[in-house]
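Asks: My structure is stored as model.txt, with compact mmCIF, C-alpha atoms.
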```
# COMPACT_ATOMS: atom_id res chain seq x y z
CA MET W 1 -0.91 6.55 41.56
CA PRO W 2 -2.83 7.68 38.40
CA HIS W 3 -3.04 5.45 35.32
CA THR W 4 -1.30 6.38 32.07
CA HIS W 5 -3.81 6.12 29.24
CA ASN W 6 -1.51 6.97 26.31
CA PRO W 7 -0.78 3.69 24.46
CA LEU W 8 2.36 5.24 22.91
CA ALA W 9 3.84 6.46 26.18
CA MET W 10 7.57 5.97 26.69
CA PHE W 11 7.31 6.23 30.47
CA ALA W 12 3.95 4.91 31.62
CA GLN W 13 3.15 4.60 35.30
CA ASN W 14 0.39 2.03 35.94
CA PRO W 15 -0.40 1.76 32.20
CA TYR W 16 -4.09 1.38 31.47
CA GLY W 17 -5.26 -1.63 29.44
CA VAL W 18 -1.85 -3.35 29.37
CA SER W 19 -1.16 -6.88 30.53
CA PHE W 20 1.37 -9.53 29.57
CA GLU W 21 1.62 -13.26 29.07
CA ASN W 22 2.34 -15.20 32.30
CA GLN W 23 1.14 -12.30 34.45
CA GLU W 24 0.22 -13.68 37.85
CA LYS W 25 -2.98 -12.98 39.70
CA GLY W 26 -2.50 -9.82 41.76
CA GLU W 27 0.62 -8.83 39.84
CA GLU W 28 0.40 -5.22 38.66
CA ILE W 29 2.46 -3.35 36.10
CA VAL W 30 4.01 -0.42 37.94
CA LEU W 31 6.04 0.95 35.05
CA LEU W 32 6.07 0.37 31.30
CA LEU W 33 9.07 1.73 29.43
CA ARG W 34 10.03 2.12 25.80
CA ALA W 35 13.05 3.70 24.17
CA HIS W 36 12.81 7.50 24.06
CA ILE W 37 11.05 8.90 20.99
CA VAL W 38 14.27 10.74 20.06
CA THR W 39 15.80 7.36 19.19
CA LEU W 40 13.30 7.19 16.30
CA ILE W 41 14.74 10.29 14.59
CA PRO W 42 17.27 8.34 12.44
CA ALA W 43 14.42 6.07 11.28
CA LEU W 44 12.32 9.15 10.48
CA PHE W 45 15.12 10.56 8.32
CA GLU W 46 15.46 7.19 6.54
CA ILE W 47 11.72 7.21 5.80
CA ILE W 48 11.80 10.80 4.50
CA PHE W 49 14.77 9.86 2.30
CA LEU W 50 12.92 6.82 0.92
CA VAL W 51 9.76 8.89 0.25
CA CYS W 52 11.78 11.48 -1.70
CA LEU W 53 14.03 9.01 -3.52
CA PRO W 54 11.87 8.58 -6.69
CA PHE W 55 11.83 12.37 -7.18
CA VAL W 56 15.65 12.34 -7.14
CA ILE W 57 16.23 9.15 -9.13
CA VAL W 58 14.11 10.12 -12.18
CA PRO W 59 16.02 13.38 -12.93
CA LEU W 60 19.32 11.58 -12.25
CA LEU W 61 18.44 8.88 -14.79
CA SER W 62 17.59 11.52 -17.38
CA ILE W 63 21.14 12.89 -17.01
CA ILE W 64 22.51 9.53 -18.21
CA GLN W 65 19.99 9.53 -21.10
CA VAL W 66 17.53 7.08 -19.50
CA ASP W 67 14.01 8.43 -19.93
CA ILE W 68 11.59 6.39 -17.81
CA ALA W 69 8.54 7.99 -19.51
CA LYS W 70 9.75 6.67 -22.90
CA SER W 71 10.94 3.23 -21.72
CA LEU W 72 7.88 2.35 -19.64
CA SER W 73 4.16 2.90 -20.13
CA GLY W 74 2.08 5.02 -17.73
CA GLY W 75 0.63 1.89 -16.09
CA GLN W 76 4.05 0.40 -15.55
CA VAL W 77 5.32 3.59 -13.91
CA PHE W 78 2.20 3.59 -11.69
CA TRP W 79 2.81 0.03 -10.46
CA LEU W 80 6.50 0.74 -9.94
CA MET W 81 5.56 3.70 -7.73
CA ALA W 82 2.84 1.70 -5.93
CA VAL W 83 5.35 -1.05 -5.08
CA TRP W 84 7.94 1.50 -3.95
CA TYR W 85 5.55 3.27 -1.59
CA LEU W 86 4.24 -0.07 -0.30
CA PHE W 87 7.84 -0.91 0.55
CA VAL W 88 8.27 2.47 2.30
CA PHE W 89 5.08 1.83 4.29
CA GLY W 90 6.27 -1.68 5.25
CA PHE W 91 9.63 -0.29 6.32
CA SER W 92 7.91 2.37 8.46
CA LEU W 93 5.57 -0.20 10.02
CA TYR W 94 8.53 -2.44 10.81
CA LYS W 95 10.41 0.45 12.47
CA PHE W 96 7.32 1.36 14.45
CA ILE W 97 6.54 -2.14 15.77
CA PHE W 98 10.25 -2.61 16.52
CA TRP W 99 10.03 0.44 18.80
CA TYR W 100 6.53 -0.29 20.11
CA PHE W 101 7.20 -3.88 21.18
CA ASN W 102 10.65 -3.28 22.66
CA VAL W 103 9.19 -2.91 26.10
CA TYR W 104 10.53 -3.05 29.63
CA LEU W 105 8.13 -3.70 32.47
CA VAL W 106 8.49 -3.23 36.19
CA THR W 107 5.77 -5.04 38.11
CA ASN W 108 5.26 -5.40 41.85
CA GLU W 109 6.85 -8.87 41.56
CA ARG W 110 9.53 -8.77 38.84
CA ILE W 111 11.08 -7.00 35.90
CA VAL W 112 10.35 -8.14 32.34
CA ASP W 113 12.37 -7.36 29.24
CA PHE W 114 10.67 -7.87 25.84
CA ASP W 115 13.51 -7.66 23.36
CA PHE W 116 12.46 -7.39 19.74
CA ARG W 117 15.82 -7.49 17.98
CA GLY W 118 14.69 -8.17 14.43
CA ILE W 119 11.94 -9.58 12.32
CA LEU W 120 12.94 -13.15 13.22
CA HIS W 121 14.57 -12.58 16.59
CA LYS W 122 12.86 -11.77 19.85
CA GLU W 123 13.63 -12.55 23.46
CA THR W 124 11.76 -12.27 26.73
CA ALA W 125 13.58 -12.27 30.05
CA PHE W 126 12.19 -12.15 33.58
CA ALA W 127 13.86 -11.53 36.94
CA ASN W 128 12.12 -11.52 40.30
CA LEU W 129 12.54 -8.38 42.35
CA ASN W 130 14.18 -10.36 45.18
CA GLN W 131 16.91 -11.41 42.73
CA ILE W 132 17.90 -7.83 41.92
CA GLN W 133 21.29 -6.94 43.37
CA ASP W 134 22.19 -3.60 41.88
CA VAL W 135 20.54 -0.90 39.73
CA THR W 136 22.66 1.65 37.87
CA PRO W 137 21.15 4.47 35.79
CA LYS W 138 23.43 6.08 33.19
CA VAL W 139 22.86 9.20 31.10
CA ILE W 140 25.50 9.61 28.42
CA GLY W 141 25.94 12.07 25.55
CA PHE W 142 24.41 15.29 24.30
CA PHE W 143 20.99 13.91 23.32
CA GLY W 144 20.72 11.84 26.49
CA THR W 145 21.45 14.86 28.67
CA PHE W 146 19.28 17.24 26.64
CA PHE W 147 16.22 14.98 26.40
CA HIS W 148 16.86 13.25 29.73
CA PHE W 149 17.07 9.62 28.70
CA GLY W 150 19.65 6.89 29.22
CA ASN W 151 20.29 3.29 30.11
CA VAL W 152 19.48 1.47 33.33
CA PHE W 153 21.69 -1.51 34.14
CA ILE W 154 20.19 -4.05 36.51
CA GLN W 155 22.42 -6.70 38.03
CA THR W 156 20.50 -9.80 39.07
CA ALA W 157 21.01 -13.28 40.45
CA ALA W 158 18.61 -14.63 37.79
CA ALA W 159 19.55 -16.79 34.75
CA LYS W 160 20.18 -13.61 32.78
CA ASN W 161 22.46 -11.78 35.17
CA GLU W 162 22.30 -8.34 33.62
CA PHE W 163 19.26 -6.52 32.33
CA GLU W 164 19.68 -3.37 30.33
CA PHE W 165 16.84 -0.94 29.80
CA ASN W 166 18.05 0.96 26.76
CA ALA W 167 17.45 4.67 26.11
CA VAL W 168 14.58 4.97 28.58
CA GLU W 169 13.21 8.31 29.71
CA ARG W 170 14.13 9.52 33.24
CA PRO W 171 16.54 6.66 34.10
CA ASP W 172 16.97 7.98 37.67
CA ASP W 173 13.22 7.71 38.30
CA VAL W 174 13.22 4.22 36.78
CA ALA W 175 16.04 3.11 39.11
CA ARG W 176 14.27 4.67 42.10
CA THR W 177 10.98 2.92 41.23
CA ILE W 178 12.73 -0.45 40.86
CA LEU W 179 14.51 -0.06 44.20
CA GLU W 180 11.24 1.03 45.84
CA GLN W 181 9.55 -2.12 44.53
CA VAL W 182 12.51 -4.25 45.67
CA ARG W 183 12.18 -2.82 49.20
CA LYS W 184 8.43 -3.51 49.22
CA GLU W 185 9.05 -7.06 47.97
CA GLU W 186 11.63 -7.69 50.71
CA ALA W 187 9.08 -6.60 53.32
CA GLU W 188 6.55 -9.18 52.08
CA SER W 189 6.39 -12.74 53.33
CA PRO W 190 7.70 -15.36 50.79
CA GLY W 191 5.18 -16.19 48.06
CA GLU W 192 2.96 -13.19 48.79
CA ILE W 193 1.84 -11.20 45.74
CA ALA W 194 0.97 -7.62 46.63
CA MET O 1 29.01 -14.20 -38.40
CA PRO O 2 25.54 -12.61 -38.10
CA ILE O 3 23.56 -13.38 -34.99
CA ASP O 4 20.69 -15.79 -35.60
CA GLY O 5 17.22 -14.09 -35.58
CA SER O 6 15.83 -15.88 -32.54
CA VAL O 7 18.99 -15.27 -30.49
CA GLY O 8 18.98 -11.61 -31.55
CA SER O 9 15.41 -11.07 -30.39
CA PHE O 10 16.20 -12.88 -27.14
CA LEU O 11 19.01 -10.43 -26.46
CA GLN O 12 16.74 -7.43 -27.08
CA VAL O 13 14.91 -7.67 -23.78
CA ASP O 14 12.60 -4.69 -23.37
CA ALA O 15 12.46 -2.50 -20.27
CA GLY O 16 8.81 -3.43 -19.61
CA PHE O 17 9.63 -7.13 -19.30
CA LEU O 18 12.62 -6.48 -17.06
CA THR O 19 10.55 -4.21 -14.83
CA LYS O 20 7.79 -6.81 -14.56
CA ALA O 21 10.24 -9.62 -13.76
CA PHE O 22 11.90 -7.50 -11.08
CA LEU O 23 8.57 -6.40 -9.58
CA VAL O 24 7.13 -9.92 -9.45
CA LEU O 25 10.23 -11.32 -7.76
CA PHE O 26 10.40 -8.39 -5.35
CA LEU O 27 6.68 -8.65 -4.52
CA ILE O 28 6.92 -12.38 -3.79
CA PHE O 29 9.67 -11.73 -1.24
CA TYR O 30 7.82 -8.67 0.04
CA SER O 31 4.63 -10.67 0.61
CA VAL O 32 6.62 -13.16 2.71
CA PHE O 33 8.02 -10.20 4.69
CA ALA O 34 4.47 -8.81 5.17
CA LEU O 35 3.28 -12.23 6.35
CA ILE O 36 6.11 -12.51 8.89
CA LEU O 37 5.43 -8.96 10.07
CA PHE O 38 1.76 -9.82 10.56
CA ARG O 39 2.67 -12.98 12.52
CA GLN O 40 5.06 -10.96 14.69
CA ILE O 41 2.30 -8.46 15.45
CA GLN O 42 -0.05 -11.34 16.32
CA ILE O 43 2.51 -13.00 18.60
CA MET O 44 3.51 -9.77 20.32
CA ASN O 45 -0.13 -8.77 20.78
CA LYS O 46 -0.64 -12.09 22.55
CA LYS O 47 2.44 -11.60 24.70
CA LEU O 48 1.71 -7.96 25.48
CA PRO O 49 -1.89 -6.92 24.80
CA THR O 50 -2.34 -3.14 24.78
CA ALA O 51 -5.05 -0.68 23.73
CA LEU O 52 -3.37 -0.41 20.31
CA SER O 53 -3.36 -4.17 19.66
CA PRO O 54 -6.55 -4.32 17.48
CA ILE O 55 -5.36 -1.37 15.35
CA LEU O 56 -1.91 -2.92 14.85
CA ARG O 57 -3.47 -6.25 13.90
CA PHE O 58 -5.72 -4.47 11.40
CA VAL O 59 -2.81 -2.52 9.89
CA GLY O 60 -0.77 -5.73 9.64
CA ILE O 61 -3.51 -7.61 7.82
CA VAL O 62 -4.26 -4.67 5.47
CA HIS O 63 -0.54 -4.41 4.68
CA LEU O 64 -0.39 -8.12 3.86
CA GLY O 65 -3.59 -7.91 1.80
CA VAL O 66 -2.34 -4.92 -0.21
CA ALA O 67 1.01 -6.67 -0.83
CA LEU O 68 -0.78 -9.78 -2.15
CA ALA O 69 -3.26 -7.73 -4.20
CA ILE O 70 -0.47 -5.72 -5.87
CA THR O 71 1.41 -8.97 -6.59
CA PHE O 72 -1.63 -10.41 -8.40
CA PHE O 73 -2.28 -7.14 -10.26
CA VAL O 74 1.32 -6.93 -11.44
CA VAL O 75 1.37 -10.60 -12.53
CA GLY O 76 -1.96 -10.29 -14.32
CA SER O 77 -2.23 -6.86 -15.82
CA PHE O 78 1.22 -5.41 -16.33
```
As structure tokens, what does this structure read like?
Replies:
Amino acid sequence: MPHTHNPLAMFAQNPYGVSFENQEKGEEIVLLLRAHIVTLIPALFEIIFLVCLPFVIVPLLSIIQVDIAKSLSGGQVFWLMAVWYLFVFGFSLYKFIFWYFNVYLVTNERIVDFDFRGILHKETAFANLNQIQDVTPKVIGFFGTFFHFGNVFIQTAAAKNEFEFNAVERPDDVARTILEQVRKEEAESPGEIA
Amino acid sequence: MPIDGSVGSFLQVDAGFLTKAFLVLFLIFYSVFALILFRQIQIMNKKLPTALSPILRFVGIVHLGVALAITFFVVGSF
């Protein structure tokens, strides 16, 4: 199977140059998944809104007789703008890394869920392929149907008994790949990594 | 009763001072946010190294550096 070289791919088969902590010797990443790029559209609108906000606020303030040019010096207005756009950049970076590091992995041994739920909250969950009991792909809604993305629910006998791959591209292919790997794992002798 | 001179001048806080006070406070919190963001990038890069890891680390450190630099500029030269 060919390697996916795009580091921003949402559906990467055999991703090139990717590894993860606790990866065992001989364990290979079969599939790397991120939420579909369409799920970033609300964040994109928020960023555009924040970029345009100063151009809206200044005329609005002049309506209520507050003239920023008179109240503040040129330098002060410059620093105010610099801080605002630094904030917008930080917000965009946060949204990007939130998307980039929310990753689901399917390896030839297990599934891994890197959940990045907030700036101070992240979780990592693992389940061996031989613990997987049921895989259910679901495509719901207009955008999901149109752009072909959805959720994959994975029932396991592991400590975390349900894994959810949220808004991933081609959920049917994801489910098929997981089940394929489960079948291969079942055919192996116990403890074998291949 | 007329307001005492010193109290009167205290009440007449100018927009420049208010802006500076707000910016300094905001930038202090923002620098902490930038530091946490950088640490998150570092930790996640360790957990899941990818081809983009060095670029993300660089962006994170530049972001933190710019936040700190603007804080010092605003405190010093506003």
Asks: Using only C-alpha atoms, I'd like a table of the residues in chain W that come within 6 Å of chain O; for each, show the closest atom pair and its distance in Å rounded to one decimal, ordered by chain and ascending number, as a Markdown table.
Replies:
```
| residue | atom | partner | partner_atom | distance |
| --- | --- | --- | --- | --- |
| W:Gly17 | CA | O:Thr50 | CA | 5.7 |
| W:Val18 | CA | O:Thr50 | CA | 4.6 |
| W:Ser19 | CA | O:Pro49 | CA | 5.8 |
| W:Phe20 | CA | O:Leu48 | CA | 4.4 |
| W:Glu21 | CA | O:Lys47 | CA | 4.7 |
| W:Leu72 | CA | O:Gly16 | CA | 5.9 |
```
Asks: Using Å and a single decimal, report how far CA of Leu129 (chain W) sits from CA of Arg110 (chain W).
Replies: 4.6 Å
Asks: The residues within 12 Å of (13.7, 7.3, 39.1), using only C-alpha atoms and the coordinates of the file, should be reported as a PyMOL selection string; which are they?
Replies: chain W and resi 11+13+31+135-138+148-152+168-181
Asks: Extract, using only C-alpha atoms, all DNA, RNA and protein residues at most 7 Å from Asn108 (chain W), discarding same-chain residues fewer than 4 positions from it, and format them as a ChimeraX atom specification.
Replies: /W:27-30,181,194
Asks: Please produce an output containing C-alpha atoms for each residue in the selection, written as a compact mmCIF listing (two decimals), in the coordinates of the input.
Replies:
```
# COMPACT_ATOMS: atom_id res chain seq x y z
CA GLU W 27 0.62 -8.83 39.84
CA GLU W 28 0.40 -5.22 38.66
CA ILE W 29 2.46 -3.35 36.10
CA VAL W 30 4.01 -0.42 37.94
CA GLN W 181 9.55 -2.12 44.53
CA ALA W 194 0.97 -7.62 46.63
```
Asks: Enter the distance from CA of Ala125 (chain W) to CA of Lys160 (chain W), in Å, rounded to one decimal.
Replies: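 Going from CA of Ala125 (chain W) over to CA of Lys160 (chain W) covers 7.3 Å.
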Asks: From the set W:Ala158, W:Thr107, W:Phe116, W:Leu44, which residue has the shortest atom-to-atom contact distance to Lys25 (chain W), counting all atoms listed in the file?
Replies: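 Looking only at the distances to Lys25 (chain W), the closest residue turns out to be W:Thr107.
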Asks: If I take CA of Phe96 (chain W) and CA of Asn128 (chain W), how far is one from the other in Å, to one decimal?
Replies: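 About the pair CA of Phe96 (chain W) and CA of Asn128 (chain W): they are 29.3 Å apart.
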Asks: List the spatial neighbours of Asp134 (chain W) as a ChimeraX atom specification - criterion: any atom at most 8 Å away, only C-alpha atoms, same-chain residues fewer than 4 positions off excluded.
Replies: /W:154-156
Asks: List the neighbours of Ala69 (chain O) out to 12 Å using all atoms listed in the file; skip same-chain residues closer than 6 positions along the sequence, and give me the result as a short mmCIF file (atom, residue, chain, number, x, y, z; two decimals) with C-alpha atoms, in the frame of the given file.
Replies:
```
data_model
loop_
_atom_site.label_atom_id
_atom_site.label_comp_id
_atom_site.auth_asym_id
_atom_site.auth_seq_id
_atom_site.Cartn_x
_atom_site.Cartn_y
_atom_site.Cartn_z
CA TRP W 79 2.81 0.03 -10.46
CA ALA W 82 2.84 1.70 -5.93
CA VAL W 83 5.35 -1.05 -5.08
CA LEU W 86 4.24 -0.07 -0.30
CA VAL O 24 7.13 -9.92 -9.45
CA LEU O 27 6.68 -8.65 -4.52
CA ILE O 28 6.92 -12.38 -3.79
CA TYR O 30 7.82 -8.67 0.04
CA SER O 31 4.63 -10.67 0.61
CA VAL O 62 -4.26 -4.67 5.47
CA HIS O 63 -0.54 -4.41 4.68
CA VAL O 75 1.37 -10.60 -12.53
CA GLY O 76 -1.96 -10.29 -14.32
CA SER O 77 -2.23 -6.86 -15.82
#
```
Asks: Would you mind telling me which residue in W:Gly118, W:Arg183, W:Trp84, W:Glu162 lies nearest to Ile97 (chain W) when using only C-alpha atoms?
Replies: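 That would be W:Gly118, the residue with the smallest distance to Ile97 (chain W).
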